[in-house]
>>> print(open('input_10.txt').read())   # compact mmCIF, C-alpha atoms and all ligand atoms
# COMPACT_ATOMS: atom_id res chain seq x y z
CA MET I 1 -52.54 14.90 -62.25
CA THR I 2 -54.87 12.77 -64.34
CA ILE I 3 -54.50 9.13 -63.48
CA THR I 4 -54.15 6.81 -66.44
CA LYS I 5 -54.44 3.08 -66.93
CA GLU I 6 -50.67 3.02 -67.48
CA ASN I 7 -50.10 4.65 -64.07
CA VAL I 8 -52.23 1.99 -62.41
CA LEU I 9 -50.43 -0.83 -64.22
CA ALA I 10 -47.04 0.67 -63.37
CA ALA I 11 -48.03 0.76 -59.68
CA LEU I 12 -49.30 -2.82 -59.81
CA SER I 13 -46.14 -4.03 -61.51
CA THR I 14 -44.39 -3.45 -58.18
CA VAL I 15 -46.64 -6.03 -56.47
CA GLN I 16 -45.34 -9.59 -56.42
CA GLU I 17 -47.47 -12.71 -56.53
CA PRO I 18 -46.04 -14.19 -53.33
CA GLU I 19 -45.76 -17.76 -54.59
CA LEU I 20 -44.85 -17.22 -58.22
CA HIS I 21 -42.35 -14.46 -57.32
CA ARG I 22 -43.36 -12.40 -60.32
CA ASP I 23 -45.41 -9.23 -60.53
CA LEU I 24 -49.17 -9.19 -61.07
CA VAL I 25 -48.94 -7.31 -64.36
CA SER I 26 -46.46 -9.56 -66.14
CA LEU I 27 -48.49 -12.54 -64.93
CA ASN I 28 -51.47 -10.97 -66.70
CA MET I 29 -53.56 -11.04 -63.53
CA ILE I 30 -55.02 -7.50 -63.75
CA LYS I 31 -58.35 -7.05 -65.52
CA ASP I 32 -61.09 -4.43 -65.94
CA ILE I 33 -59.31 -1.28 -64.77
CA SER I 34 -61.77 1.57 -64.38
CA ILE I 35 -60.79 5.12 -63.48
CA ASP I 36 -63.28 7.73 -62.34
CA GLY I 37 -61.28 10.77 -61.17
CA GLY I 38 -59.51 9.58 -58.01
CA ASN I 39 -61.63 6.45 -57.73
CA ILE I 40 -59.93 3.39 -59.16
CA SER I 41 -61.25 -0.11 -59.44
CA PHE I 42 -59.82 -3.23 -61.02
CA THR I 43 -59.96 -7.01 -60.76
CA VAL I 44 -57.12 -9.32 -59.80
CA GLU I 45 -57.64 -12.67 -61.44
CA LEU I 46 -56.25 -15.34 -59.14
CA THR I 47 -55.00 -18.65 -60.50
CA THR I 48 -57.24 -20.61 -58.14
CA PRO I 49 -60.20 -19.72 -55.91
CA ALA I 50 -58.41 -21.69 -53.19
CA CYS I 51 -55.48 -19.22 -53.21
CA PRO I 52 -54.32 -19.15 -49.57
CA LEU I 53 -52.76 -15.70 -49.95
CA ARG I 54 -55.72 -13.93 -51.58
CA GLY I 55 -56.13 -11.41 -48.74
CA ARG I 56 -52.47 -10.44 -48.86
CA ILE I 57 -52.51 -9.98 -52.65
CA GLN I 58 -55.64 -7.83 -52.42
CA ASN I 59 -54.14 -5.59 -49.70
CA GLU I 60 -50.80 -5.14 -51.44
CA ALA I 61 -52.49 -4.29 -54.76
CA LYS I 62 -54.71 -1.75 -53.03
CA ASP I 63 -51.79 -0.12 -51.15
CA ALA I 64 -49.68 0.14 -54.30
CA VAL I 65 -52.39 2.03 -56.21
CA MET I 66 -53.33 4.16 -53.19
CA ARG I 67 -49.78 5.51 -53.24
CA LEU I 68 -50.35 7.15 -56.65
CA PRO I 69 -50.84 10.92 -56.28
CA GLY I 70 -54.47 11.94 -56.63
CA VAL I 71 -55.99 8.55 -55.78
CA VAL I 72 -58.75 8.77 -53.17
CA ASN I 73 -60.30 5.33 -53.26
CA VAL I 74 -59.28 1.90 -54.58
CA ASN I 75 -61.64 -1.01 -55.02
CA VAL I 76 -59.90 -4.34 -55.67
CA LYS I 77 -62.15 -7.19 -56.77
CA LEU I 78 -60.88 -10.74 -56.76
CA ASP I 79 -61.84 -13.21 -59.41
CA SER I 80 -60.41 -16.59 -60.17
CA ARG I 81 -59.93 -18.80 -63.13
CA VAL I 82 -58.21 -22.07 -62.38
CA VAL I 83 -55.26 -22.41 -64.75
CA SER I 84 -54.88 -25.59 -66.71
CA ASP I 85 -51.69 -27.62 -66.62
CA GLY I 86 -51.83 -27.58 -70.43
CA ARG I 87 -51.97 -31.38 -70.75
CA ASP I 88 -54.33 -32.63 -73.42
CA ARG I 89 -56.91 -35.02 -72.01
CA GLY I 90 -59.12 -34.75 -75.06
CA VAL I 91 -58.20 -38.28 -76.08
CA LEU I 92 -59.95 -39.44 -72.90
CA GLY I 93 -62.90 -37.18 -73.75
CA LEU I 94 -62.17 -35.11 -70.65
CA SER I 95 -62.34 -31.38 -70.10
CA VAL I 96 -60.29 -31.31 -66.90
CA LYS I 97 -57.83 -28.53 -66.11
CA ASN I 98 -55.87 -30.42 -63.46
CA ALA I 99 -55.80 -34.13 -62.58
CA VAL I 100 -54.32 -34.95 -59.19
CA ALA I 101 -53.56 -38.44 -57.89
CA VAL I 102 -53.65 -39.11 -54.17
CA ALA I 103 -51.34 -42.04 -53.50
CA SER I 104 -49.76 -43.98 -50.67
CA GLY I 105 -47.12 -46.68 -50.45
CA LYS I 106 -49.43 -48.94 -48.44
CA GLY I 107 -53.07 -49.27 -47.41
CA GLY I 108 -54.81 -47.84 -44.39
CA VAL I 109 -52.85 -44.61 -44.06
CA GLY I 110 -55.85 -42.39 -44.80
CA LYS I 111 -55.49 -41.92 -48.55
CA SER I 112 -59.25 -42.02 -49.20
CA THR I 113 -59.91 -39.75 -46.23
CA VAL I 114 -57.45 -37.22 -47.64
CA SER I 115 -58.93 -37.53 -51.17
CA VAL I 116 -62.49 -36.92 -49.95
CA ASN I 117 -61.69 -33.98 -47.68
CA LEU I 118 -59.36 -32.45 -50.26
CA ALA I 119 -62.02 -32.66 -52.99
CA ILE I 120 -64.72 -31.11 -50.79
CA ALA I 121 -62.41 -28.37 -49.51
CA LEU I 122 -61.57 -27.38 -53.11
CA ALA I 123 -65.25 -27.44 -54.09
CA LYS I 124 -66.06 -25.17 -51.14
CA THR I 125 -63.86 -22.47 -52.65
CA GLY I 126 -66.07 -22.45 -55.75
CA ALA I 127 -63.95 -24.71 -57.97
CA ARG I 128 -65.55 -27.42 -60.13
CA VAL I 129 -64.31 -30.68 -58.68
CA GLY I 130 -64.59 -34.36 -59.59
CA LEU I 131 -63.47 -37.29 -57.46
CA LEU I 132 -62.65 -40.63 -59.03
CA ASP I 133 -62.39 -43.48 -56.57
CA ALA I 134 -59.89 -45.62 -58.46
CA ASP I 135 -59.15 -47.68 -55.35
CA ILE I 136 -60.79 -50.72 -56.94
CA TYR I 137 -59.61 -53.05 -54.14
CA GLY I 138 -61.50 -51.14 -51.45
CA PRO I 139 -63.80 -48.54 -53.00
CA ASN I 140 -64.97 -46.92 -49.77
CA VAL I 141 -65.36 -43.35 -51.01
CA PRO I 142 -69.16 -43.58 -51.55
CA THR I 143 -69.56 -44.57 -47.86
CA MET I 144 -67.32 -41.69 -46.81
CA MET I 145 -69.39 -39.28 -48.92
CA GLY I 146 -72.69 -40.73 -47.64
CA ILE I 147 -74.11 -41.83 -51.00
CA ASP I 148 -74.75 -45.33 -52.36
CA HIS I 149 -76.13 -44.88 -55.87
CA LEU I 150 -75.60 -43.08 -59.15
CA PRO I 151 -78.24 -41.00 -60.92
CA PRO I 152 -79.81 -42.63 -64.03
CA ALA I 153 -77.46 -42.74 -67.01
CA LEU I 154 -77.64 -40.11 -69.71
CA GLY I 155 -77.83 -42.06 -72.99
CA GLU I 156 -74.54 -43.89 -73.45
CA LYS I 157 -72.82 -42.05 -70.65
CA MET I 158 -72.93 -42.68 -66.90
CA LEU I 159 -73.56 -39.64 -64.77
CA PRO I 160 -71.45 -39.19 -61.65
CA ALA I 161 -73.14 -38.80 -58.25
CA GLU I 162 -73.05 -35.26 -56.89
CA VAL I 163 -72.53 -34.70 -53.21
CA TYR I 164 -71.06 -31.84 -51.15
CA GLY I 165 -70.46 -30.00 -54.43
CA VAL I 166 -68.25 -32.82 -55.78
CA LYS I 167 -68.93 -35.11 -58.75
CA LEU I 168 -68.13 -38.63 -57.66
CA MET I 169 -67.55 -41.90 -59.51
CA SER I 170 -66.57 -45.18 -57.90
CA ILE I 171 -66.64 -48.89 -58.67
CA GLY I 172 -68.39 -49.06 -55.29
CA PHE I 173 -71.58 -47.89 -57.03
CA LEU I 174 -71.49 -50.80 -59.44
CA VAL I 175 -70.86 -53.79 -57.17
CA LYS I 176 -72.98 -55.22 -54.36
CA PRO I 177 -71.68 -54.48 -50.85
CA GLY I 178 -69.44 -57.28 -49.61
CA GLN I 179 -68.92 -58.71 -53.09
CA PRO I 180 -65.22 -59.53 -53.48
CA LEU I 181 -63.46 -57.67 -56.24
CA ILE I 182 -60.81 -59.61 -58.08
CA TRP I 183 -59.04 -57.69 -60.78
CA ARG I 184 -56.40 -58.73 -63.21
CA GLY I 185 -54.16 -56.04 -64.69
CA PRO I 186 -55.85 -55.44 -68.07
CA MET I 187 -59.35 -55.49 -66.53
CA LEU I 188 -58.35 -52.94 -64.00
CA HIS I 189 -56.81 -50.73 -66.61
CA SER I 190 -59.90 -50.81 -68.81
CA ALA I 191 -62.25 -50.24 -65.84
CA ILE I 192 -60.44 -47.06 -64.91
CA ARG I 193 -60.27 -45.95 -68.51
CA GLN I 194 -64.01 -46.42 -68.73
CA PHE I 195 -64.49 -44.26 -65.66
CA LEU I 196 -62.73 -41.50 -67.52
CA THR I 197 -64.23 -41.95 -70.97
CA ASP I 198 -67.77 -43.22 -70.27
CA VAL I 199 -68.67 -40.83 -67.46
CA GLU I 200 -70.14 -37.42 -68.16
CA TRP I 201 -67.82 -35.40 -65.94
CA GLY I 202 -68.51 -32.05 -67.62
CA ASP I 203 -65.94 -29.26 -67.29
CA LEU I 204 -63.77 -29.65 -64.22
CA ASP I 205 -61.10 -27.48 -62.62
CA TYR I 206 -59.79 -30.40 -60.57
CA LEU I 207 -60.20 -34.15 -60.87
CA ILE I 208 -58.93 -35.86 -57.73
CA ILE I 209 -58.07 -39.53 -58.17
CA ASP I 210 -57.88 -41.85 -55.18
CA LEU I 211 -55.39 -44.46 -56.44
CA PRO I 212 -55.16 -48.00 -55.08
CA PRO I 213 -52.47 -48.26 -52.37
CA GLY I 214 -49.03 -49.56 -53.26
CA THR I 215 -46.60 -49.22 -56.11
CA GLY I 216 -47.22 -52.34 -58.18
CA ASP I 217 -47.82 -52.67 -61.90
CA ALA I 218 -51.49 -51.72 -61.52
CA GLN I 219 -50.64 -48.38 -59.95
CA LEU I 220 -47.91 -47.75 -62.48
CA SER I 221 -50.09 -48.37 -65.50
CA LEU I 222 -52.95 -46.36 -64.00
CA ALA I 223 -50.79 -43.39 -63.20
CA GLN I 224 -49.42 -43.59 -66.74
CA SER I 225 -52.80 -43.49 -68.45
CA LEU I 226 -54.21 -40.59 -66.46
CA ALA I 227 -52.23 -37.62 -67.86
CA LEU I 228 -51.63 -36.44 -64.29
CA SER I 229 -50.79 -32.87 -63.31
CA GLY I 230 -49.25 -34.07 -60.08
CA ALA I 231 -49.43 -36.43 -57.12
CA VAL I 232 -50.01 -36.02 -53.40
CA ILE I 233 -48.33 -38.67 -51.24
CA VAL I 234 -50.01 -39.62 -47.96
CA THR I 235 -47.98 -41.24 -45.19
CA LEU I 236 -48.03 -41.92 -41.47
CA PRO I 237 -45.14 -40.54 -39.44
CA GLN I 238 -43.45 -43.86 -38.64
CA ALA I 239 -40.43 -45.28 -40.44
CA VAL I 240 -42.10 -48.33 -42.04
CA SER I 241 -44.78 -46.20 -43.61
CA LEU I 242 -42.16 -43.72 -44.78
CA GLU I 243 -40.21 -46.38 -46.65
CA ASP I 244 -43.41 -47.29 -48.50
CA ALA I 245 -44.21 -43.64 -49.15
CA SER I 246 -40.71 -43.12 -50.50
CA ARG I 247 -41.29 -45.96 -52.98
CA GLY I 248 -44.51 -44.22 -54.04
CA LEU I 249 -42.58 -41.05 -54.59
CA GLN I 250 -40.02 -42.92 -56.72
CA MET I 251 -42.79 -44.35 -58.86
CA PHE I 252 -44.02 -40.90 -59.82
CA LYS I 253 -40.47 -39.77 -60.37
CA VAL I 254 -40.00 -42.54 -62.92
CA LEU I 255 -43.21 -41.42 -64.63
CA ASN I 256 -42.13 -37.77 -64.62
CA VAL I 257 -45.23 -36.76 -62.65
CA PRO I 258 -44.52 -33.73 -60.41
CA ILE I 259 -44.94 -34.42 -56.69
CA LEU I 260 -47.20 -31.72 -55.28
CA GLY I 261 -46.18 -32.71 -51.79
CA VAL I 262 -46.33 -35.07 -48.83
CA VAL I 263 -49.20 -35.14 -46.30
CA GLU I 264 -48.52 -36.70 -42.90
CA ASN I 265 -51.75 -38.20 -41.56
CA MET I 266 -52.52 -39.32 -37.99
CA SER I 267 -49.58 -37.22 -36.84
CA TYR I 268 -50.54 -36.91 -33.19
CA LEU I 269 -53.44 -37.40 -30.84
CA GLU I 270 -54.50 -34.40 -28.79
CA LEU I 271 -55.75 -35.30 -25.32
CA PRO I 272 -58.53 -33.29 -23.63
CA ASP I 273 -55.91 -31.43 -21.54
CA GLY I 274 -54.15 -30.28 -24.73
CA THR I 275 -51.18 -32.68 -24.47
CA ARG I 276 -50.11 -34.21 -27.75
CA VAL I 277 -49.25 -37.90 -28.02
CA ASP I 278 -47.14 -38.95 -31.00
CA VAL I 279 -48.81 -42.32 -31.54
CA PHE I 280 -46.86 -43.22 -34.67
CA GLY I 281 -43.66 -41.23 -34.06
CA ASN I 282 -42.90 -37.72 -35.07
CA GLY I 283 -41.94 -35.57 -38.04
CA GLY I 284 -41.39 -38.39 -40.54
CA GLY I 285 -43.47 -36.86 -43.33
CA GLU I 286 -41.57 -33.60 -43.16
CA THR I 287 -38.23 -35.40 -43.18
CA LEU I 288 -39.28 -37.46 -46.19
CA ALA I 289 -40.35 -34.30 -48.03
CA LYS I 290 -37.02 -32.60 -47.21
CA GLU I 291 -34.92 -35.58 -48.23
CA SER I 292 -36.82 -35.92 -51.51
CA ASP I 293 -36.80 -32.16 -52.12
CA VAL I 294 -40.58 -31.93 -52.50
CA PRO I 295 -43.04 -29.67 -50.62
CA PHE I 296 -44.39 -30.71 -47.23
CA LEU I 297 -48.13 -29.97 -47.32
CA GLY I 298 -48.90 -30.42 -43.63
CA THR I 299 -49.98 -32.73 -40.85
CA ILE I 300 -53.45 -34.02 -39.97
CA PRO I 301 -54.01 -35.00 -36.36
CA MET I 302 -55.45 -38.37 -35.38
CA ASP I 303 -58.99 -37.36 -34.61
CA PRO I 304 -62.00 -39.57 -33.77
CA ASP I 305 -64.18 -37.04 -35.61
CA VAL I 306 -62.26 -37.75 -38.83
CA ARG I 307 -63.06 -41.45 -38.52
CA LYS I 308 -66.66 -40.80 -37.52
CA GLY I 309 -67.05 -38.39 -40.42
CA GLY I 310 -65.76 -41.07 -42.80
CA ASP I 311 -67.91 -43.88 -41.41
CA GLY I 312 -71.01 -41.69 -41.20
CA GLY I 313 -70.79 -40.11 -44.63
CA THR I 314 -70.21 -36.53 -43.42
CA PRO I 315 -66.51 -35.74 -43.86
CA VAL I 316 -64.91 -33.52 -41.24
CA VAL I 317 -64.48 -30.52 -43.60
CA VAL I 318 -68.29 -30.53 -43.83
CA SER I 319 -69.24 -31.36 -40.24
CA LEU I 320 -66.43 -29.60 -38.35
CA PRO I 321 -64.53 -27.29 -40.71
CA ASP I 322 -63.17 -25.25 -37.78
CA SER I 323 -61.72 -28.21 -35.88
CA ALA I 324 -57.94 -28.75 -35.97
CA SER I 325 -58.32 -31.56 -38.50
CA GLY I 326 -60.92 -29.65 -40.58
CA LYS I 327 -58.59 -26.66 -40.78
CA ALA I 328 -55.64 -28.92 -41.61
CA PHE I 329 -57.47 -30.38 -44.63
CA ILE I 330 -58.59 -26.93 -45.83
CA ASP I 331 -55.04 -25.60 -45.49
CA ILE I 332 -53.63 -28.58 -47.42
CA ALA I 333 -56.22 -28.06 -50.18
CA GLY I 334 -55.08 -24.43 -50.52
CA LYS I 335 -51.46 -25.57 -50.79
CA VAL I 336 -52.28 -28.20 -53.40
CA ALA I 337 -54.19 -25.62 -55.47
CA ALA I 338 -51.32 -23.15 -55.13
CA SER I 339 -48.75 -25.79 -56.14
CA LEU I 340 -50.83 -26.63 -59.21
CA SER I 341 -51.21 -23.04 -60.29
CA ILE I 342 -47.49 -22.38 -59.81
CA ALA I 343 -46.66 -25.42 -61.93
CA ALA I 344 -49.21 -24.43 -64.59
CA LYS I 345 -48.21 -20.76 -64.72
CA THR I 346 -44.51 -21.56 -64.86
CA GLU I 347 -45.06 -24.20 -67.50
CA ASN I 348 -47.36 -21.98 -69.59
CA SER I 349 -44.97 -19.06 -69.37
CA GLY I 350 -42.01 -21.16 -70.49
CA LEU I 351 -40.19 -21.15 -67.14
CA THR I 352 -38.78 -24.41 -65.84
CA ILE I 353 -41.06 -26.47 -63.69
CA LYS I 354 -39.50 -28.12 -60.70
CA MET I 355 -39.64 -31.87 -61.09
CA VAL I 356 -38.41 -34.45 -58.62
CA GLU I 357 -34.82 -35.32 -59.44
N1 LIG N 401 -56.63 -38.38 -39.21
C1 LIG N 401 -57.38 -39.42 -38.89
N2 LIG N 401 -57.85 -39.58 -37.61
C2 LIG N 401 -58.62 -40.66 -37.27
N3 LIG N 401 -58.98 -41.65 -38.13
C3 LIG N 401 -58.54 -41.53 -39.41
C4 LIG N 401 -57.72 -40.45 -39.85
N4 LIG N 401 -57.45 -40.63 -41.16
C5 LIG N 401 -58.06 -41.77 -41.53
N5 LIG N 401 -58.71 -42.32 -40.48
C6 LIG N 401 -59.48 -43.58 -40.47
O1 LIG N 401 -58.58 -44.63 -40.78
C7 LIG N 401 -59.23 -45.62 -41.60
C8 LIG N 401 -58.45 -45.79 -42.90
O2 LIG N 401 -58.55 -44.59 -43.65
P1 LIG N 401 -58.73 -44.59 -45.24
O3 LIG N 401 -59.76 -45.57 -45.66
O4 LIG N 401 -58.84 -43.18 -45.65
O5 LIG N 401 -57.29 -45.15 -45.63
P2 LIG N 401 -56.75 -45.62 -47.03
O6 LIG N 401 -55.30 -45.34 -47.01
O7 LIG N 401 -57.53 -45.02 -48.13
O8 LIG N 401 -57.03 -47.14 -46.93
P3 LIG N 401 -57.18 -48.21 -48.12
O9 LIG N 401 -55.84 -48.31 -48.68
O10 LIG N 401 -57.64 -49.42 -47.40
O11 LIG N 401 -58.18 -47.66 -49.09
C9 LIG N 401 -60.65 -45.11 -41.82
O12 LIG N 401 -61.48 -45.72 -40.86
C10 LIG N 401 -60.56 -43.61 -41.54
O13 LIG N 401 -61.78 -43.06 -41.06
>>> encode(input="input_10.txt", output="structure tokens")
Amino acid sequence: MTITKENVLAALSTVQEPELHRDLVSLNMIKDISIDGGNISFTVELTTPACPLRGRIQNEAKDAVMRLPGVVNVNVKLDSRVVSDGRDRGVLGLSVKNAVAVASGKGGVGKSTVSVNLAIALAKTGARVGLLDADIYGPNVPTMMGIDHLPPALGEKMLPAEVYGVKLMSIGFLVKPGQPLIWRGPMLHSAIRQFLTDVEWGDLDYLIIDLPPGTGDAQLSLAQSLALSGAVIVTLPQAVSLEDASRGLQMFKVLNVPILGVVENMSYLELPDGTRVDVFGNGGGETLAKESDVPFLGTIPMDPDVRKGGDGGTPVVVSLPDSASGKAFIDIAGKVAASLSIAAKTENSGLTIKMVE
């Protein structure tokens, strides 16, 4: 039997994208089919290079085509093109496919640490990533990324710093260390707007935005002006932090911004003998996610190497990617990317996107 392109597509239409629950063909993910006798090759175009299930998709696609009579060899290439959420950010002069806010109900829970490690983990998969440190009250991202200056401006536009494959902009580059920052609402708003419009970000797959902590007017107006694809909420496991995180969640709900999920930071401390100590309680982040009907993205252990990485300018996903905390950040980055591509694909294909009720 001569194998045709239609045969190959029919076989692949039995393979489901595990997160979108639709088949690879109707999702338009199959490209470049080539047939040479019994040797078949094609490309599966993933919706993000950070796809956590890429190996599984590749195997299932290969098996499905191998089952066709007459096939002797199947070569499945993987390619990726980050899908855009379809929001128009042209008015801000931005070419950004997805803009993700990292937020917390209160300070000190590790929001900047999550933003930095998330941005680097996404960049490591090959995506084009920007990180905007919008935490104007405590812009500590440059320290965490180990860089203290911007490159010279390009004409009218400021150029972001580039470090660990991430383009970075922060008010921290523009003020002297130790100088107090006092912002009134409108100033803050225009400063952030300038960071979007007056910075040459180039084309980005993901722009991660480290928001100031809290849920006041400043946060609200910022979140409103950013045309966000979604928000990641960072919390500690204990009840007080959860109440604050829940307020953060409500804020995005009011703004109709999808919640990509909750991250529980400093979940436990692992002692040298392997015992785990729940310093701040246990399981709160997961409970909050369940109660609010949003995804739980995972826990990050309390780890001295995370703090050292932040203080020393070498984040843990760079220095110790195989440690428990390094792996946790990489896993969370994959989930965030998957959540974004599900939201974008469902939105672009006219299906209903799940918003927080
Ligand atoms: N999982 C962790 N294990 C150990 N230390 C951590 C962890 N996460 C964050 N830290 C440390 O806790 C401190 C606060 O973290 P970070 O600055 O990220 O919090 P934040 O929520 O952004 O705070 P702020 O609201 O002040 O900007 C930092 O010193 C950081 O290195």
>>> atom_distance(input="input_10.txt", atom1="CA of Ala64 (chain I)", atom2="CA of Ala50 (chain I)")
23.5 Å
>>> residues_around(input="input_10.txt", residues="region 224-241 of chain I", least_positions_apart="2", cutoff="6 Å", atoms="all atoms listed in the file", output="JSON, numbers by chain")
{"I": [98, 99, 100, 101, 102, 103, 104, 111, 221, 222, 243, 244, 245, 257, 258, 259, 260, 261, 262, 263, 264, 265, 280, 281, 282, 284, 285]}
>>> closest_residue(input="input_10.txt", among="I:Gly165, I:Gly248, I:Gly108, I:Gly155", to="ligand LIG 401 (chain N)", atoms="all atoms listed in the file")
I:Gly108
>>> closest_residue(input="input_10.txt", among="I:Gly86, I:Pro212, I:Pro160, I:Gly107", to="ligand LIG 401 (chain N)", atoms="all atoms listed in the file")
I:Gly107
>>> residues_near_ligand(input="input_10.txt", ligand="ligand LIG 401 (chain N)", cutoff="7 Å", atoms="all atoms listed in the file", output="list in words")
Ser104, Lys106, Gly107, Gly108, Val109, Gly110, Lys111, Ser112, Thr113, Val114, Asp135, Gly138, Pro139, Asn140, Pro212, Pro213, Asn265, Met266, Ile300, Pro301, Met302, Asp303, Pro304, Asp305, Val306, Arg307, Lys308, Gly310 and Asp311 of chain I
>>> closest_residue(input="input_10.txt", among="I:Ile342, I:Ala127, I:Leu288, I:Leu9", to="Ala61 (chain I)", atoms="only C-alpha atoms")
I:Leu9
>>> residues_around(input="input_10.txt", residues="Arg67 (chain I)", least_positions_apart="2", cutoff="12 Å", atoms="only C-alpha atoms", output="VMD selection string")
chain I and resid 3 7 to 8 10 to 12 14 38 40 60 to 65 69 to 74
